[in-house]
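K.L.:
Sharing structure-v2.cif here; it has mmCIF, C-alpha atoms.
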data_coords
#
loop_
_atom_site.label_atom_id
_atom_site.label_comp_id
_atom_site.auth_asym_id
_atom_site.auth_seq_id
_atom_site.Cartn_x
_atom_site.Cartn_y
_atom_site.Cartn_z
CA MET A 1 133.10 87.56 50.75
CA SER A 2 130.22 89.60 49.34
CA GLU A 3 129.89 93.32 49.91
CA VAL A 4 126.72 95.31 49.28
CA LYS A 5 126.67 99.11 49.37
CA VAL A 6 123.33 100.95 49.47
CA ASP A 7 122.97 104.71 49.51
CA LYS A 8 119.18 104.84 49.50
CA ILE A 9 116.21 102.49 49.55
CA THR A 10 112.96 103.81 48.08
CA ASN A 11 109.52 102.22 47.97
CA ARG A 12 108.15 100.86 44.70
CA VAL A 13 106.28 104.02 43.71
CA GLY A 14 109.24 106.25 44.54
CA THR A 15 107.48 108.38 47.16
CA GLY A 16 109.51 107.55 50.25
CA ALA A 17 111.11 104.89 52.41
CA PRO A 18 109.72 101.34 52.20
CA ARG A 19 108.05 99.62 55.15
CA PHE A 20 109.25 96.24 56.45
CA PRO A 21 106.50 95.17 58.91
CA ASN A 22 108.29 91.89 59.72
CA GLY A 23 111.79 93.37 59.95
CA ILE A 24 114.86 92.76 57.82
CA THR A 25 117.05 89.73 58.47
CA ILE A 26 120.76 90.43 57.96
CA GLY A 27 123.31 87.79 58.87
CA GLY A 28 120.67 85.87 60.77
CA GLN A 29 119.68 88.89 62.90
CA THR A 30 116.25 90.44 62.48
CA VAL A 31 116.98 94.14 62.76
CA ALA A 32 113.57 95.16 64.08
CA SER A 33 113.91 92.81 67.08
CA GLN A 34 116.74 94.96 68.45
CA TYR A 35 113.98 97.16 69.86
CA PRO A 36 111.36 94.73 71.21
CA GLY A 37 107.82 95.91 70.63
CA VAL A 38 108.77 98.83 68.41
CA LEU A 39 106.49 97.89 65.54
CA ALA A 40 103.49 97.35 67.76
CA GLY A 41 104.26 99.56 70.79
CA SER A 42 101.60 101.60 72.56
CA ILE A 43 101.81 105.40 72.73
CA VAL A 44 101.67 107.44 75.96
CA GLU A 45 100.98 111.16 75.68
CA SER A 46 102.40 112.92 78.74
CA ASN A 47 104.27 116.08 79.75
CA GLY A 48 106.03 114.13 82.51
CA THR A 49 108.22 111.05 82.22
CA PRO A 50 105.99 107.93 82.07
CA THR A 51 106.81 105.10 84.49
CA ASN A 52 105.90 101.41 84.79
CA VAL A 53 106.01 100.84 81.01
CA SER A 54 107.40 98.01 78.88
CA ALA A 55 110.11 98.07 76.23
CA GLY A 56 108.85 99.38 72.91
CA THR A 57 106.40 101.90 74.37
CA TYR A 58 106.34 105.29 72.63
CA TRP A 59 106.15 108.54 74.59
CA PHE A 60 104.94 111.74 72.95
CA ASN A 61 105.82 114.85 74.97
CA ASP A 62 103.83 117.84 73.78
CA SER A 63 104.86 120.38 76.45
CA GLY A 64 105.52 123.85 75.00
CA ALA A 65 108.37 124.06 72.53
CA ASN A 66 109.94 120.85 73.85
CA LYS A 67 107.93 118.43 71.73
CA PHE A 68 109.47 115.05 70.98
CA LEU A 69 108.73 111.38 70.37
CA ALA A 70 110.76 108.78 72.26
CA ILE A 71 110.79 105.02 72.72
CA TYR A 72 111.41 103.09 75.93
CA TYR A 73 114.42 100.80 75.60
CA ASP A 74 117.05 99.43 78.01
CA ASP A 75 115.56 101.34 80.99
CA ASN A 76 115.77 104.71 79.22
CA TRP A 77 113.63 106.89 76.98
CA ILE A 78 115.47 107.23 73.68
CA GLY A 79 114.58 110.07 71.32
CA LEU A 80 114.12 109.01 67.71
CA SER A 81 117.32 110.83 66.80
CA GLY A 82 119.20 108.60 69.26
CA GLU A 83 119.70 110.78 72.37
CA VAL A 84 118.68 109.72 75.89
CA VAL A 85 115.65 111.88 76.69
CA ALA A 86 115.02 110.66 80.26
CA GLY A 87 115.84 107.79 82.58
CA GLY A 88 113.13 105.15 82.59
CA VAL A 89 113.93 103.95 86.12
CA GLN A 90 113.84 106.67 88.75
CA PRO A 91 116.61 106.47 91.40
CA MET A 92 115.39 105.57 94.87
CA GLY A 93 118.63 105.75 96.80
CA GLY A 94 122.40 106.01 96.66
CA ASP A 95 125.61 105.05 98.43
CA ARG A 96 125.08 107.29 101.47
CA GLY A 97 123.16 105.45 104.20
CA PHE A 98 121.03 107.27 106.78
CA SER A 99 119.66 106.41 110.20
CA LEU A 100 116.81 108.73 111.17
CA ALA A 101 116.09 109.30 114.85
CA GLY A 102 114.31 106.73 116.97
CA THR A 103 113.98 106.21 120.72
CA GLY A 104 117.55 106.14 121.91
CA PRO A 105 119.32 108.24 124.53
CA SER A 106 117.89 111.43 125.98
CA THR A 107 118.16 113.28 122.64
CA ASP A 108 115.94 111.60 120.07
CA ASP A 109 116.48 113.90 117.10
CA VAL A 110 119.77 112.73 115.58
CA VAL A 111 120.24 111.94 111.87
CA GLU A 112 123.35 109.86 111.12
CA TYR A 113 125.07 108.93 107.84
CA TRP A 114 127.83 106.67 106.47
CA ASP A 115 129.18 105.27 103.19
CA LEU A 116 127.47 102.04 102.11
CA THR A 117 130.38 101.13 99.82
CA THR A 118 132.82 100.78 102.73
CA THR A 119 132.84 99.38 106.25
CA SER A 120 132.83 102.52 108.37
CA ASN A 121 131.27 104.14 111.39
CA ALA A 122 128.41 106.62 111.11
CA GLN A 123 128.74 110.36 111.65
CA THR A 124 126.21 113.00 112.65
CA PHE A 125 124.39 114.54 109.67
CA GLY A 126 122.04 116.89 111.53
CA ASN A 127 118.84 116.86 113.54
CA THR A 128 115.18 116.16 112.91
CA LEU A 129 112.47 118.79 113.46
CA THR A 130 110.93 116.94 116.40
CA THR A 131 113.06 116.35 119.50
CA ASP A 132 111.21 113.36 120.95
CA ILE A 133 110.58 111.03 118.00
CA ASN A 134 109.27 107.62 119.02
CA TRP A 135 109.18 106.01 115.53
CA SER A 136 110.46 107.10 112.13
CA ALA A 137 109.20 106.07 108.67
CA ALA A 138 111.60 107.17 105.91
CA CYS A 139 112.18 106.80 102.16
CA GLY A 140 113.77 108.84 99.37
CA ASN A 141 114.51 109.46 95.70
CA GLY A 142 118.30 109.62 95.74
CA THR A 143 118.42 113.38 96.21
CA ARG A 144 115.98 113.88 99.06
CA VAL A 145 115.07 111.71 102.08
CA ILE A 146 111.66 112.26 103.66
CA ASN A 147 110.67 111.08 107.13
CA HIS A 148 107.42 110.88 109.08
CA GLU A 149 108.54 111.96 112.55
CA ALA A 150 106.05 109.88 114.49
CA TYR A 151 105.28 109.34 118.15
CA SER A 152 102.90 107.13 120.11
CA ASN A 153 100.74 110.22 120.74
CA ILE A 154 99.43 110.12 117.17
CA SER A 155 97.05 113.07 117.59
CA THR A 156 99.86 115.62 117.41
CA TYR A 157 102.71 113.95 115.51
CA ASP A 158 101.89 114.19 111.79
CA THR A 159 105.05 116.03 110.67
CA ILE A 160 106.88 114.95 107.51
CA SER A 161 110.38 116.41 107.23
CA TYR A 162 113.13 116.10 104.64
CA ILE A 163 116.88 116.31 104.27
CA THR A 164 118.95 116.81 101.12
CA SER A 165 121.19 113.75 101.13
CA ALA A 166 124.30 115.44 99.72
CA THR A 167 124.28 118.42 102.13
CA LEU A 168 124.84 118.04 105.87
CA GLY A 169 122.28 119.92 107.94
CA ASN A 170 119.05 119.76 109.87
CA ALA A 171 115.74 118.49 108.58
CA VAL A 172 113.30 120.93 106.95
CA ASP A 173 109.51 120.85 107.13
CA PHE A 174 107.94 119.00 104.18
CA GLY A 175 104.25 118.83 105.15
CA ASN A 176 101.86 116.64 107.12
CA THR A 177 100.52 113.11 106.84
CA PHE A 178 96.97 112.48 105.67
CA HIS A 179 96.30 109.76 108.25
CA GLN A 180 97.68 110.42 111.72
CA ARG A 181 99.43 107.24 112.79
CA VAL A 182 102.56 105.50 114.03
CA GLY A 183 104.27 102.28 112.99
CA GLU A 184 103.65 102.50 109.24
CA ALA A 185 106.09 101.33 106.54
CA ALA A 186 107.53 103.87 104.07
CA ALA A 187 108.53 103.16 100.46
CA SER A 188 109.41 104.99 97.25
CA ASN A 189 109.40 104.41 93.50
CA GLY A 190 111.69 107.39 92.94
CA THR A 191 108.77 109.74 92.34
CA TYR A 192 106.32 109.07 95.17
CA GLY A 193 106.86 108.54 98.87
CA ILE A 194 104.35 105.94 100.06
CA PHE A 195 103.28 105.36 103.69
CA GLY A 196 101.28 102.19 104.32
CA ALA A 197 99.30 100.78 107.25
CA GLY A 198 100.25 101.48 110.89
CA TYR A 199 98.40 102.19 114.12
CA GLY A 200 96.25 105.31 114.18
CA ALA A 201 93.20 107.09 112.83
CA THR A 202 91.04 105.46 110.18
CA GLY A 203 90.10 108.86 108.74
CA PRO A 204 92.04 112.00 107.76
CA ALA A 205 93.45 114.52 110.22
CA PRO A 206 92.55 115.89 112.68
CA TYR A 207 92.61 112.71 114.72
CA SER A 208 89.30 111.92 116.40
CA GLY A 209 89.94 108.38 117.69
CA PRO A 210 89.72 105.65 118.55
CA ALA A 211 93.12 104.38 117.39
CA ALA A 212 93.37 101.01 115.65
CA ARG A 213 95.50 99.11 113.20
CA ILE A 214 94.74 100.49 109.75
CA ASP A 215 95.17 99.49 106.10
CA ASP A 216 95.33 102.98 104.59
CA ILE A 217 98.01 104.37 102.28
CA ASP A 218 99.21 108.00 101.98
CA TYR A 219 101.55 109.40 99.38
CA VAL A 220 103.56 112.52 98.54
CA THR A 221 105.58 113.63 95.52
CA ILE A 222 109.09 113.59 96.98
CA SER A 223 110.45 116.45 94.87
CA THR A 224 107.60 118.81 95.88
CA THR A 225 106.87 119.80 99.48
CA GLY A 226 103.28 119.62 100.67
CA ASN A 227 100.84 117.55 102.65
CA ALA A 228 100.27 113.88 101.93
CA ALA A 229 97.19 112.75 99.99
CA ASP A 230 95.07 109.63 100.29
CA TRP A 231 96.33 106.95 97.86
CA GLY A 232 92.79 105.96 96.97
CA ASP A 233 92.99 102.26 97.80
CA VAL A 234 94.07 100.10 100.71
CA LEU A 235 96.06 97.08 101.75
CA PRO A 236 93.92 93.94 102.16
CA THR A 237 94.56 93.66 105.92
CA ASN A 238 95.06 95.96 108.91
CA ARG A 239 98.70 95.87 110.05
CA SER A 240 101.12 97.91 112.16
CA TYR A 241 104.90 97.78 112.64
CA LEU A 242 105.37 96.00 109.33
CA ALA A 243 108.19 96.11 106.76
CA CYS A 244 108.34 97.08 103.11
CA ALA A 245 110.75 97.02 100.19
CA ASP A 246 110.44 98.78 96.83
CA ASN A 247 111.63 99.20 93.28
CA SER A 248 110.41 101.48 90.50
CA SER A 249 107.35 99.30 89.80
CA TYR A 250 106.30 97.60 93.04
CA VAL A 251 106.20 97.85 96.81
CA LEU A 252 106.15 94.67 98.90
CA PHE A 253 104.65 94.96 102.39
CA ALA A 254 105.43 92.08 104.75
CA GLY A 255 104.71 90.85 108.26
CA GLY A 256 103.74 93.17 111.08
CA MET A 257 101.56 93.20 114.14
CA ALA A 258 98.03 91.89 113.56
CA ASN A 259 94.75 91.84 115.43
CA ALA A 260 94.00 88.94 117.78
CA GLY A 261 92.83 85.91 115.82
CA GLU A 262 95.19 86.53 112.88
CA GLY A 263 98.68 85.16 112.35
CA SER A 264 100.50 83.72 115.37
CA PRO A 265 99.83 84.55 119.04
CA TYR A 266 101.96 87.30 120.51
CA THR A 267 100.04 88.96 123.37
CA SER A 268 96.44 88.87 124.53
CA SER A 269 95.58 91.82 122.25
CA SER A 270 97.79 91.35 119.20
CA ASN A 271 99.48 88.74 117.04
CA VAL A 272 102.36 88.65 114.58
CA ALA A 273 101.70 88.07 110.89
CA GLY A 274 103.64 86.76 107.90
CA GLU A 275 101.66 87.70 104.79
CA MET A 276 103.33 89.57 101.92
CA TYR A 277 101.33 91.98 99.76
CA LYS A 278 102.42 93.43 96.42
CA LEU A 279 101.35 96.92 95.43
CA SER A 280 101.90 98.58 92.06
CA THR A 281 103.39 102.06 92.40
CA THR A 282 100.66 103.45 90.14
CA VAL A 283 98.64 105.84 92.32
CA GLY A 284 95.38 104.24 93.44
CA SER A 285 96.42 100.61 93.02
CA GLY A 286 95.52 98.09 95.71
CA GLY A 287 97.70 95.47 97.35
CA THR A 288 97.30 91.77 96.59
CA LEU A 289 98.38 88.78 98.67
CA ILE A 290 101.34 87.00 97.00
CA GLY A 291 102.66 84.67 99.71
CA ASP A 292 104.14 84.46 103.20
CA LEU A 293 107.39 85.04 105.04
CA SER A 294 109.18 81.99 106.38
CA ASP A 295 107.84 82.86 109.86
CA ASP A 296 105.17 85.17 111.27
CA ARG A 297 106.89 88.20 112.76
CA GLY A 298 106.44 91.89 113.51
CA ILE A 299 108.69 94.94 114.01
CA LEU A 300 110.95 93.73 111.19
CA LYS A 301 112.67 95.79 108.47
CA GLY A 302 112.94 95.66 104.70
CA ALA A 303 115.62 96.64 102.19
CA GLU A 304 116.06 96.09 98.47
CA SER A 305 118.04 95.97 95.25
CA PRO A 306 116.29 96.83 91.96
CA THR A 307 115.20 93.17 91.63
CA ARG A 308 115.13 91.69 95.14
CA ALA A 309 113.46 92.46 98.49
CA LEU A 310 114.93 91.46 101.86
CA PHE A 311 112.99 91.22 105.15
CA MET A 312 115.15 91.12 108.27
CA GLY A 313 114.81 90.42 111.98
CA GLY A 314 111.69 91.01 114.06
CA LEU A 315 109.64 89.54 116.88
CA ILE A 316 108.29 85.99 116.82
CA GLY A 317 106.71 83.78 119.46
CA SER A 318 104.42 84.77 122.28
CA SER A 319 106.29 87.63 124.01
CA SER A 320 108.97 90.27 123.53
CA THR A 321 111.60 88.35 125.50
CA ALA A 322 115.03 88.25 123.89
CA SER A 323 114.66 84.59 122.91
CA ASN A 324 111.85 85.59 120.53
CA TRP A 325 113.87 88.25 118.70
CA CYS A 326 114.84 86.53 115.50
CA ASP A 327 117.82 86.69 113.14
CA ILE A 328 115.90 85.59 110.03
CA ILE A 329 116.61 87.17 106.64
CA ASP A 330 114.06 86.25 103.94
CA TYR A 331 114.13 87.32 100.30
CA MET A 332 111.60 87.72 97.53
CA ASP A 333 112.16 88.77 93.91
CA PHE A 334 109.88 91.63 92.83
CA ALA A 335 109.01 89.83 89.59
CA SER A 336 107.83 86.68 91.42
CA GLU A 337 104.93 85.58 93.56
CA GLY A 338 104.84 82.87 96.21
CA ASN A 339 106.43 82.42 99.61
CA ALA A 340 109.67 84.09 100.65
CA THR A 341 112.90 82.08 100.64
CA ASP A 342 115.54 81.86 103.36
CA PHE A 343 118.47 84.18 102.58
CA GLY A 344 120.63 83.86 105.69
CA ASN A 345 120.82 85.32 109.17
CA LEU A 346 121.64 88.52 110.99
CA VAL A 347 124.59 88.46 113.38
CA ARG A 348 122.15 87.96 116.28
CA GLY A 349 118.42 88.03 116.82
CA ASN A 350 117.23 91.63 116.59
CA ALA A 351 114.07 93.75 116.54
CA TYR A 352 113.34 97.50 116.51
CA GLY A 353 116.32 98.21 114.20
CA GLY A 354 116.52 100.25 111.00
CA ALA A 355 117.53 99.37 107.43
CA CYS A 356 118.60 100.93 104.14
CA SER A 357 120.36 99.87 100.93
CA ASN A 358 122.01 100.87 97.69
CA ASP A 359 121.83 98.64 94.59
CA THR A 360 124.16 96.00 96.04
CA THR A 361 124.39 96.25 99.84
CA ALA A 362 121.68 96.23 102.50
CA ALA A 363 122.43 97.62 105.96
CA TYR A 364 120.58 96.64 109.14
CA PHE A 365 121.50 98.77 112.14
CA GLY A 366 120.72 99.50 115.76
CA GLY A 367 117.76 97.99 117.55
CA TYR A 368 117.71 95.49 120.39
CA ASP A 369 119.95 92.45 120.06
CA ASN A 370 119.54 89.07 121.70
CA ILE A 371 123.00 88.92 123.29
CA SER A 372 123.46 85.80 125.43
CA GLY A 373 119.72 85.57 125.95
CA SER A 374 119.30 89.13 127.24
CA THR A 375 118.00 92.29 125.61
CA THR A 376 120.65 94.90 124.73
CA GLU A 377 120.26 98.13 122.75
CA VAL A 378 123.08 98.28 120.20
CA ALA A 379 124.79 100.63 117.74
CA ASP A 380 125.96 97.93 115.30
CA ILE A 381 125.72 98.33 111.52
CA ARG A 382 125.52 94.99 109.65
CA TYR A 383 125.90 94.49 105.89
CA ILE A 384 124.23 91.97 103.58
CA THR A 385 125.29 91.48 99.94
CA MET A 386 121.91 91.20 98.22
CA ALA A 387 122.89 89.37 95.03
CA THR A 388 124.11 86.26 96.87
CA THR A 389 122.47 84.50 99.79
CA GLY A 390 124.41 84.46 103.04
CA ASN A 391 124.68 85.88 106.54
CA ALA A 392 125.12 89.49 107.63
CA THR A 393 128.54 90.74 108.72
CA ASP A 394 129.58 93.54 111.08
CA ALA A 395 130.44 96.73 109.16
CA GLY A 396 130.71 99.56 111.71
CA ASP A 397 128.73 101.41 114.34
CA LEU A 398 126.25 104.23 114.68
CA THR A 399 127.28 107.19 116.82
CA ARG A 400 125.03 105.85 119.58
CA ALA A 401 122.86 102.90 120.50
CA ASP A 402 119.33 103.50 119.22
CA HIS A 403 116.09 101.72 118.33
CA ARG A 404 112.75 102.44 116.60
CA MET A 405 114.59 104.43 113.92
CA ASP A 406 114.18 104.01 110.17
CA GLY A 407 116.66 104.19 107.33
CA ALA A 408 117.01 105.41 103.76
CA SER A 409 119.84 106.14 101.35
CA GLY A 410 120.79 108.91 98.95
CA PHE A 411 123.51 110.41 96.80
CA ALA A 412 126.58 111.91 98.47
CA SER A 413 127.00 114.55 95.77
#
In structure tokens, how does this file's structure come out?
P.N.:
Amino acid sequence: MSEVKVDKITNRVGTGAPRFPNGITIGGQTVASQYPGVLAGSIVESNGTPTNVSAGTYWFNDSGANKFLAIYYDDNWIGLSGEVVAGGVQPMGGDRGFSLAGTGPSTDDVVEYWDLTTTSNAQTFGNTLTTDINWSAACGNGTRVINHEAYSNISTYDTISYITSATLGNAVDFGNTFHQRVGEAAASNGTYGIFGAGYGATGPAPYSGPAARIDDIDYVTISTTGNAADWGDVLPTNRSYLACADNSSYVLFAGGMANAGEGSPYTSSSNVAGEMYKLSTTVGSGGTLIGDLSDDRGILKGAESPTRALFMGGLIGSSSTASNWCDIIDYMDFASEGNATDFGNLVRGNAYGGACSNDTTAAYFGGYDNISGSTTEVADIRYITMATTGNATDAGDLTRADHRMDGASGFAS
């Protein structure tokens, strides 16, 4: 066996280290390829952590005395001396699941929580700011969960509140929405909270009517309280009561209620739709059509792992009778385009429920179940293992039967 010891390699003229633009091959392994794109990576100059970048990208931080150069590798920013400077993928949730108030019993301001890593019943976390919430639209960044506390009277219900996921207590005022609406879908990339579509005002507050299905997007920076701003672009189609799922790079919007003449007939004034739109989480990006759900449906819910989106339940057919409340679970990988694929089924047909997830488990809870052909408001929590296709299983119960809530997850400590 040969052994080579080298203390120093100097270039030919003796002025410094040599350059190997094509790498060095040792034992069949090209050393430079350990960091894909290093030799030809682009450079981002930013005081904040860059997102939506590829491996091999350089980041130069020139803020104050904390100047450094880092490279993006294995989902982290690595300083050139080897330390992890920042996480490349922002957290969007955790193992604590939340149900945020909907239209349940007489008190419609309850926030509930439970552990997504076990089968267990929910407990009371605190209360929302508004006592008569009709719809919630929630998302988070692991530490904080924000919620648009919406109501059918869209002219006065533009409150965004937040809770700190690790600390039991009541919601605190965050700010106000830009568009006054109800029935939007909320998503997060770990930095921004994104509210898309819904039924409401086509312009900014104050509401001046008339109400309609809209394609507008608002956003907030989750870590900083304040009013929402206009995203700067729109979804391709007006939708309300749709679903969404997210990771650090993309949001997928799916299904929803559509205007007459689109999708499948539902009532004389509205239809159900099945299109899926992909939106980059770069502020100002527009959504593009990528495919369709397995069935047109509205009032469904979405959940996600870092790589996969699930779309669960909803209304199909021509009326809101229990026989048209479906148990479909579809899935779509964030990196793909095309139509969604059948994943499995909920325990029963359901609509108006809520959903949340950690990296491995999705929870669908509450809503109206199709039980023996009749409509029943339920408190059930169902779990779906997202890495493998299959049906949902019962996992516990909320503290009360509820519907029109939304869900999110966060860290317990």
K.L.:
On this file, the PyMOL selection byres ((chain A and resi 392) around 12) gives some set of residues; write that set as number ranges by chain.
P.N.:
A: 310, 312-313, 327-329, 343-349, 361-365, 380-386, 388-391, 393-395
K.L.:
Can you measure atom CA of A:Lys301 to atom CA of A:Pro210 for me? One decimal in Å is fine.
P.N.:
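That distance, rounded to one decimal, is 26.9 Å.
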K.L.:
Go through stretch 284-363 of chain A residue by residue and, counting only C-alpha atoms, keep those with an atom at most 10 Å from stretch 176-190 of chain A; for each kept residue give the shortest atom pair and its distance in Å to one decimal, ordered by chain and increasing number, as a tab-separated table.
P.N.:
residue	atom	partner	partner_atom	distance
A:Ile299	CA	A:Gly183	CA	8.6
A:Lys301	CA	A:Ala185	CA	8.8
A:Gly302	CA	A:Ala185	CA	9.1
A:Ala303	CA	A:Ala187	CA	9.8
K.L.:
Tell me which protein, DNA and RNA residues are within 10 Å of A:Val172, counting all atoms listed in the file, leaving out same-chain ones fewer than 5 positions away, and put them as a CSV table (one decimal) with C-alpha atoms, keeping the file's coordinate frame.
P.N.:
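And here's around-v4.csv as it stands now:
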chain,number,residue,atom,x,y,z
A,127,ASN,CA,118.8,116.9,113.5
A,128,THR,CA,115.2,116.2,112.9
A,129,LEU,CA,112.5,118.8,113.5
A,146,ILE,CA,111.7,112.3,103.7
A,160,ILE,CA,106.9,115.0,107.5
A,161,SER,CA,110.4,116.4,107.2
A,162,TYR,CA,113.1,116.1,104.6
A,163,ILE,CA,116.9,116.3,104.3
A,164,THR,CA,119.0,116.8,101.1
A,225,THR,CA,106.9,119.8,99.5
K.L.:
Using the chain letters and numbers from the file, which residues does the PyMOL selection byres ((chain A and resi 410) around 7) grab, as a compact mmCIF listing (two decimals) with C-alpha atoms, keeping the file's coordinate frame?
P.N.:
# COMPACT_ATOMS: atom_id res chain seq x y z
CA GLY A 93 118.63 105.75 96.80
CA GLY A 94 122.40 106.01 96.66
CA ASP A 95 125.61 105.05 98.43
CA ARG A 96 125.08 107.29 101.47
CA GLY A 97 123.16 105.45 104.20
CA GLY A 142 118.30 109.62 95.74
CA THR A 143 118.42 113.38 96.21
CA ARG A 144 115.98 113.88 99.06
CA SER A 165 121.19 113.75 101.13
CA SER A 409 119.84 106.14 101.35
CA PHE A 411 123.51 110.41 96.80
CA ALA A 412 126.58 111.91 98.47
K.L.:
May I have the residues within 7 Å of A:Gly286 as number ranges by chain, using all atoms listed in the file and disregarding those fewer than 4 positions away in the same chain?
P.N.:
A: 233-235, 279
K.L.:
Would you please work out which residue, of A:Ser208, A:Asn350, A:Thr131, A:Thr224, is nearest to A:Ile154 when using all atoms listed in the file?
P.N.:
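The answer is A:Ser208, which sits nearest to A:Ile154.
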K.L.:
Need to verify the contact set: A:Arg400, 9 Å, only C-alpha atoms, exclusion of same-chain residues closer than 4 positions in sequence. Can you return it as a list in words?
P.N.:
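Everything that qualifies: Gly104, Pro105, Gly366, Val378 and Ala379 of chain A.
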K.L.:
Can you list, as a PyMOL selection string, the residues that the PyMOL selection byres ((chain A and resi 153) around 12) selects here?
P.N.:
chain A and resi 132-135+149-152+154-158+180-183+199-201+207+209+211
K.L.:
Nearest to A:Asn227: which of A:Ala309, A:Ala340, A:Ala205, A:Leu242 is it, counting all atoms listed in the file?
P.N.:
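Closest to A:Asn227, using all atoms listed in the file: A:Ala205.
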K.L.:
Hey, can you check how far atom CA of A:Asp406 sits from atom CA of A:Ala101?
P.N.:
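So the answer is 7.3 Å.
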